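The structure appears right after this line, and notes come after that.
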Amino acid sequence: MSKNAIVYGLVEPEHETLLKKVEEVLEEIGEKPNLTSCSRVGIKRDNAIRPVKITLKCIDDVNQILRNAKILQTRTGYTGIFICPDRTAEQRKADKRLWEQLKTKRKKEPEKDHRIQNGRIVSSKKDSKPAVSNIGQICDFYHSSNINILLDII
């Protein structure tokens, strides 16, 4: 893992203040890391938005940003912005192949859940009930158990 991350989808106006834009995006996900540098990657072309490479002081900052990056998809004005790890060309090709395999597997076996985990495709049965449905019962049990324990102590 490197100290870099890539931000996709940041609009590229003529006179941009890139550092300020990146900081705004990171603040939207609750992060205020110390950026070492940020710059556009690639050749400027018409009708194409170049990704932004950001470099941070430590790997932990990058990991925290990547964990919270999905929050952007729930924020108005940020749904087209994605933050991904900085990968080599070989890693990007391997990821692309893996995603293509995942798409075909989902079409062939729609009755199962398929996801990518640790660099491979993992399949499981689809649950008829969401896993969160039992949380209320668990909390009620935990709460009543603690009350009984407290009553025994008193």
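Within each chain, counting starts at residue 1; across the structure tokens, chains are named A, B, ... in the order shown, with ligands numbered 1 upward in that order.
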(Q) Report as a ChimeraX atom specification all protein, DNA and RNA residues lying within 12 Å of Lys20 (chain A), evaluated on only C-alpha atoms, omitting residues in the same chain fewer than 3 positions from it. (A) /A:10,16-17,23-27,32,35,37-39
Once you have the residues from the selection above, write them out as a PDB file, in the first residue's frame, restricted to N, CA, C and O atoms.
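For reference, again_25.pdb as written:
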ATOM      1  N   LEU A  10     -13.454  14.770 -10.282  1.00  0.00           N
ATOM      2  CA  LEU A  10     -13.385  16.193  -9.912  1.00  0.00           C
ATOM      3  C   LEU A  10     -13.345  17.028 -11.190  1.00  0.00           C
ATOM      4  O   LEU A  10     -12.427  16.888 -11.999  1.00  0.00           O
ATOM      5  N   GLU A  16      -8.118  26.361 -11.733  1.00  0.00           N
ATOM      6  CA  GLU A  16      -8.598  25.656 -10.555  1.00  0.00           C
ATOM      7  C   GLU A  16      -7.628  25.775  -9.388  1.00  0.00           C
ATOM      8  O   GLU A  16      -6.427  25.921  -9.576  1.00  0.00           O
ATOM      9  N   THR A  17      -8.194  25.702  -8.220  1.00  0.00           N
ATOM     10  CA  THR A  17      -7.395  25.604  -7.006  1.00  0.00           C
ATOM     11  C   THR A  17      -7.582  24.172  -6.518  1.00  0.00           C
ATOM     12  O   THR A  17      -8.482  23.880  -5.731  1.00  0.00           O
ATOM     13  N   GLU A  23      -9.398  19.199  -0.582  1.00  0.00           N
ATOM     14  CA  GLU A  23      -9.681  19.353   0.846  1.00  0.00           C
ATOM     15  C   GLU A  23     -11.184  19.405   1.115  1.00  0.00           C
ATOM     16  O   GLU A  23     -11.666  18.845   2.090  1.00  0.00           O
ATOM     17  N   GLU A  24     -11.954  20.057   0.228  1.00  0.00           N
ATOM     18  CA  GLU A  24     -13.415  20.108   0.368  1.00  0.00           C
ATOM     19  C   GLU A  24     -14.020  18.703   0.281  1.00  0.00           C
ATOM     20  O   GLU A  24     -14.905  18.357   1.062  1.00  0.00           O
ATOM     21  N   VAL A  25     -13.535  17.913  -0.676  1.00  0.00           N
ATOM     22  CA  VAL A  25     -14.034  16.540  -0.836  1.00  0.00           C
ATOM     23  C   VAL A  25     -13.717  15.725   0.414  1.00  0.00           C
ATOM     24  O   VAL A  25     -14.579  15.006   0.927  1.00  0.00           O
ATOM     25  N   LEU A  26     -12.510  15.836   0.912  1.00  0.00           N
ATOM     26  CA  LEU A  26     -12.114  15.074   2.095  1.00  0.00           C
ATOM     27  C   LEU A  26     -12.881  15.523   3.337  1.00  0.00           C
ATOM     28  O   LEU A  26     -13.238  14.694   4.178  1.00  0.00           O
ATOM     29  N   GLU A  27     -13.160  16.814   3.450  1.00  0.00           N
ATOM     30  CA  GLU A  27     -13.960  17.302   4.576  1.00  0.00           C
ATOM     31  C   GLU A  27     -15.381  16.749   4.513  1.00  0.00           C
ATOM     32  O   GLU A  27     -16.004  16.514   5.548  1.00  0.00           O
ATOM     33  N   LYS A  32      -9.644  15.318   7.608  1.00  0.00           N
ATOM     34  CA  LYS A  32      -8.823  16.526   7.472  1.00  0.00           C
ATOM     35  C   LYS A  32      -7.348  16.129   7.517  1.00  0.00           C
ATOM     36  O   LYS A  32      -6.600  16.579   8.382  1.00  0.00           O
ATOM     37  N   LEU A  35      -2.243  16.862   3.542  1.00  0.00           N
ATOM     38  CA  LEU A  35      -1.837  16.494   2.185  1.00  0.00           C
ATOM     39  C   LEU A  35      -0.410  16.944   1.918  1.00  0.00           C
ATOM     40  O   LEU A  35      -0.044  18.083   2.207  1.00  0.00           O
ATOM     41  N   SER A  37       0.926  16.461  -1.324  1.00  0.00           N
ATOM     42  CA  SER A  37       0.790  17.044  -2.657  1.00  0.00           C
ATOM     43  C   SER A  37      -0.464  16.518  -3.333  1.00  0.00           C
ATOM     44  O   SER A  37      -1.025  15.500  -2.927  1.00  0.00           O
ATOM     45  N   CYS A  38      -0.885  17.226  -4.368  1.00  0.00           N
ATOM     46  CA  CYS A  38      -1.966  16.745  -5.222  1.00  0.00           C
ATOM     47  C   CYS A  38      -1.774  17.342  -6.608  1.00  0.00           C
ATOM     48  O   CYS A  38      -1.373  18.496  -6.748  1.00  0.00           O
ATOM     49  N   SER A  39      -2.033  16.522  -7.619  1.00  0.00           N
ATOM     50  CA  SER A  39      -1.862  16.983  -8.996  1.00  0.00           C
ATOM     51  C   SER A  39      -2.712  16.135  -9.938  1.00  0.00           C
ATOM     52  O   SER A  39      -3.061  14.997  -9.632  1.00  0.00           O
TER      53      SER A  39
END
(Q) Which residues are near Ala5 (chain A)? Cut-off 9 Å, only C-alpha atoms, ignore same chain within fewer than 2 positions. Put them as a VMD selection string. (A) chain A and resid 2 to 3 7 52 to 56 62 65 to 66 83 to 87
Okay, now the selection with N, CA and C atoms, as a short mmCIF file (atom, residue, chain, number, x, y, z; two decimals), in the first residue's frame?
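Dumped everything to result15.cif:
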data_model
loop_
_atom_site.label_atom_id
_atom_site.label_comp_id
_atom_site.auth_asym_id
_atom_site.auth_seq_id
_atom_site.Cartn_x
_atom_site.Cartn_y
_atom_site.Cartn_z
N SER A 2 0.48 2.23 -0.75
CA SER A 2 1.29 3.44 -0.83
C SER A 2 0.63 4.59 -0.06
N LYS A 3 1.29 5.71 -0.04
CA LYS A 3 0.77 6.90 0.62
C LYS A 3 -0.09 7.72 -0.33
N VAL A 7 -8.33 10.39 -6.90
CA VAL A 7 -9.69 10.94 -6.85
C VAL A 7 -10.18 11.08 -8.28
N VAL A 52 -7.11 12.90 -10.10
CA VAL A 52 -6.20 13.65 -9.24
C VAL A 52 -5.48 12.67 -8.33
N LYS A 53 -4.15 12.75 -8.33
CA LYS A 53 -3.34 11.92 -7.44
C LYS A 53 -3.04 12.74 -6.20
N ILE A 54 -3.43 12.18 -5.03
CA ILE A 54 -3.13 12.87 -3.77
C ILE A 54 -2.11 12.04 -3.00
N THR A 55 -1.19 12.73 -2.37
CA THR A 55 -0.16 12.08 -1.55
C THR A 55 -0.33 12.60 -0.13
N LEU A 56 -0.34 11.65 0.81
CA LEU A 56 -0.52 12.00 2.22
C LEU A 56 0.73 11.65 3.00
N VAL A 62 -4.33 7.35 4.34
CA VAL A 62 -4.89 6.84 3.09
C VAL A 62 -5.94 5.78 3.39
N ILE A 65 -9.17 7.36 4.65
CA ILE A 65 -9.89 8.02 3.56
C ILE A 65 -10.60 6.98 2.69
N LEU A 66 -9.91 5.90 2.36
CA LEU A 66 -10.51 4.86 1.53
C LEU A 66 -11.70 4.20 2.23
N ILE A 83 -12.98 7.86 -4.73
CA ILE A 83 -11.61 7.83 -4.23
C ILE A 83 -11.17 6.38 -4.19
N CYS A 84 -10.05 6.09 -4.84
CA CYS A 84 -9.56 4.72 -4.95
C CYS A 84 -8.07 4.67 -4.58
N PRO A 85 -7.58 3.48 -4.24
CA PRO A 85 -6.15 3.37 -3.99
C PRO A 85 -5.35 3.59 -5.27
N ASP A 86 -4.13 4.04 -5.14
CA ASP A 86 -3.23 4.20 -6.28
C ASP A 86 -2.68 2.83 -6.64
N ARG A 87 -2.95 2.39 -7.85
CA ARG A 87 -2.52 1.06 -8.28
C ARG A 87 -1.65 1.16 -9.53
#
Q) In Å, how far is it from CA of Pro51 (chain A) to CA of Tyr8 (chain A)? A) 4.7 Å
Q: Have a look at CA of Ile116 (chain A) and CA of Thr104 (chain A) and let me know their distance in Å, one decimal.
A: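 Distance reported for this atom pair: 13.0 Å.
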Excluding same-chain residues fewer than 4 positions from region 108-111 of chain A, what lies within 9 Å of it counting only C-alpha atoms, as a PDB file with C-alpha atoms, in the first residue's frame?
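See around.pdb below for the written result:
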ATOM      1  CA  LYS A 103     -20.401  -9.276 -13.796  1.00  0.00           C
ATOM      2  CA  THR A 104     -20.705 -12.496 -15.795  1.00  0.00           C
ATOM      3  CA  LYS A 125     -26.706 -17.785  -0.827  1.00  0.00           C
ATOM      4  CA  LYS A 126     -28.940 -14.738  -0.849  1.00  0.00           C
TER       5      LYS A 126
END
Q. As a PyMOL selection string, which residues of chain A does DSSP assign to strand (DSSP E)?
A. chain A and resi 4-8+35-40+52-56+82-85+112-117+120-125
Q. So how far away is CA of Gln73 (chain A) from CA of Lys44 (chain A), in Å?
A. 26.0 Å
Q: Please give the complete set of residues from region 29-113 of chain A that DSSP, run on the backbone, assigns to alpha helix (DSSP H), formatted as JSON, numbers by chain.
A: {"A": [59, 60, 61, 62, 63, 64, 65, 66, 67, 68, 89, 90, 91, 92, 93, 94, 95, 96, 97, 98, 99, 100, 101, 102, 103, 104, 105, 106, 107, 108]}
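Among the candidates A:Ala69, A:Val41, A:Ala94, A:Ile81, the one nearest to Val11 (chain A) when counting only C-alpha atoms is A:Ile81.
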Q: Tell me which of A:Gly80, A:Pro13, A:Gly30, A:Gly119 sits closest to Arg97 (chain A), counting only C-alpha atoms.
A: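 For Arg97 (chain A), the nearest of the candidates is A:Gly119.
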Q.
Residues within 12 Å of Leu98 (chain A), please, as number ranges by chain. Count only C-alpha atoms; anything in the same chain fewer than 5 positions from it doesn't count.
A. A: 91-93, 103-105, 114-122
Saved selection, atoms kept: N, CA, C and O atoms, as an mmCIF file, in the first residue's frame:
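Saved the output as again-v9.cif:
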data_model
loop_
_atom_site.group_PDB
_atom_site.id
_atom_site.type_symbol
_atom_site.label_atom_id
_atom_site.label_comp_id
_atom_site.auth_asym_id
_atom_site.auth_seq_id
_atom_site.Cartn_x
_atom_site.Cartn_y
_atom_site.Cartn_z
ATOM 1 N N GLN A 91 -1.971 -3.951 -11.784
ATOM 2 C CA GLN A 91 -3.029 -4.133 -10.789
ATOM 3 C C GLN A 91 -4.380 -3.679 -11.339
ATOM 4 O O GLN A 91 -5.396 -4.331 -11.108
ATOM 5 N N ARG A 92 -4.389 -2.578 -12.093
ATOM 6 C CA ARG A 92 -5.639 -2.085 -12.672
ATOM 7 C C ARG A 92 -6.192 -3.077 -13.690
ATOM 8 O O ARG A 92 -7.395 -3.326 -13.739
ATOM 9 N N LYS A 93 -5.320 -3.668 -14.497
ATOM 10 C CA LYS A 93 -5.768 -4.676 -15.476
ATOM 11 C C LYS A 93 -6.329 -5.908 -14.771
ATOM 12 O O LYS A 93 -7.364 -6.444 -15.169
ATOM 13 N N LYS A 103 -19.187 -9.621 -13.051
ATOM 14 C CA LYS A 103 -20.401 -9.276 -13.796
ATOM 15 C C LYS A 103 -21.005 -10.495 -14.475
ATOM 16 O O LYS A 103 -22.225 -10.714 -14.392
ATOM 17 N N THR A 104 -20.173 -11.311 -15.111
ATOM 18 C CA THR A 104 -20.705 -12.496 -15.795
ATOM 19 C C THR A 104 -21.243 -13.514 -14.790
ATOM 20 O O THR A 104 -22.273 -14.139 -15.032
ATOM 21 N N LYS A 105 -20.583 -13.650 -13.656
ATOM 22 C CA LYS A 105 -21.039 -14.581 -12.626
ATOM 23 C C LYS A 105 -22.395 -14.138 -12.067
ATOM 24 O O LYS A 105 -23.263 -14.963 -11.802
ATOM 25 N N HIS A 114 -22.705 -12.351 -5.046
ATOM 26 C CA HIS A 114 -21.304 -12.474 -5.448
ATOM 27 C C HIS A 114 -20.604 -11.160 -5.125
ATOM 28 O O HIS A 114 -21.157 -10.091 -5.338
ATOM 29 N N ARG A 115 -19.386 -11.268 -4.603
ATOM 30 C CA ARG A 115 -18.600 -10.075 -4.291
ATOM 31 C C ARG A 115 -17.116 -10.394 -4.428
ATOM 32 O O ARG A 115 -16.727 -11.556 -4.453
ATOM 33 N N ILE A 116 -16.323 -9.357 -4.491
ATOM 34 C CA ILE A 116 -14.878 -9.524 -4.543
ATOM 35 C C ILE A 116 -14.339 -9.348 -3.132
ATOM 36 O O ILE A 116 -14.642 -8.369 -2.460
ATOM 37 N N GLN A 117 -13.560 -10.328 -2.710
ATOM 38 C CA GLN A 117 -12.978 -10.289 -1.369
ATOM 39 C C GLN A 117 -11.563 -10.851 -1.449
ATOM 40 O O GLN A 117 -11.349 -11.970 -1.917
ATOM 41 N N ASN A 118 -10.606 -10.071 -1.011
ATOM 42 C CA ASN A 118 -9.194 -10.474 -1.018
ATOM 43 C C ASN A 118 -8.717 -10.957 -2.385
ATOM 44 O O ASN A 118 -8.027 -11.963 -2.500
ATOM 45 N N GLY A 119 -9.118 -10.241 -3.420
ATOM 46 C CA GLY A 119 -8.629 -10.542 -4.760
ATOM 47 C C GLY A 119 -9.264 -11.742 -5.446
ATOM 48 O O GLY A 119 -8.742 -12.238 -6.433
ATOM 49 N N ARG A 120 -10.399 -12.220 -4.936
ATOM 50 C CA ARG A 120 -11.099 -13.322 -5.603
ATOM 51 C C ARG A 120 -12.603 -13.142 -5.441
ATOM 52 O O ARG A 120 -13.070 -12.388 -4.587
ATOM 53 N N ILE A 121 -13.365 -13.860 -6.255
ATOM 54 C CA ILE A 121 -14.817 -13.769 -6.213
ATOM 55 C C ILE A 121 -15.347 -14.765 -5.197
ATOM 56 O O ILE A 121 -15.001 -15.947 -5.231
ATOM 57 N N VAL A 122 -16.185 -14.269 -4.304
ATOM 58 C CA VAL A 122 -16.792 -15.096 -3.261
ATOM 59 C C VAL A 122 -18.291 -15.114 -3.510
ATOM 60 O O VAL A 122 -18.902 -14.069 -3.738
#
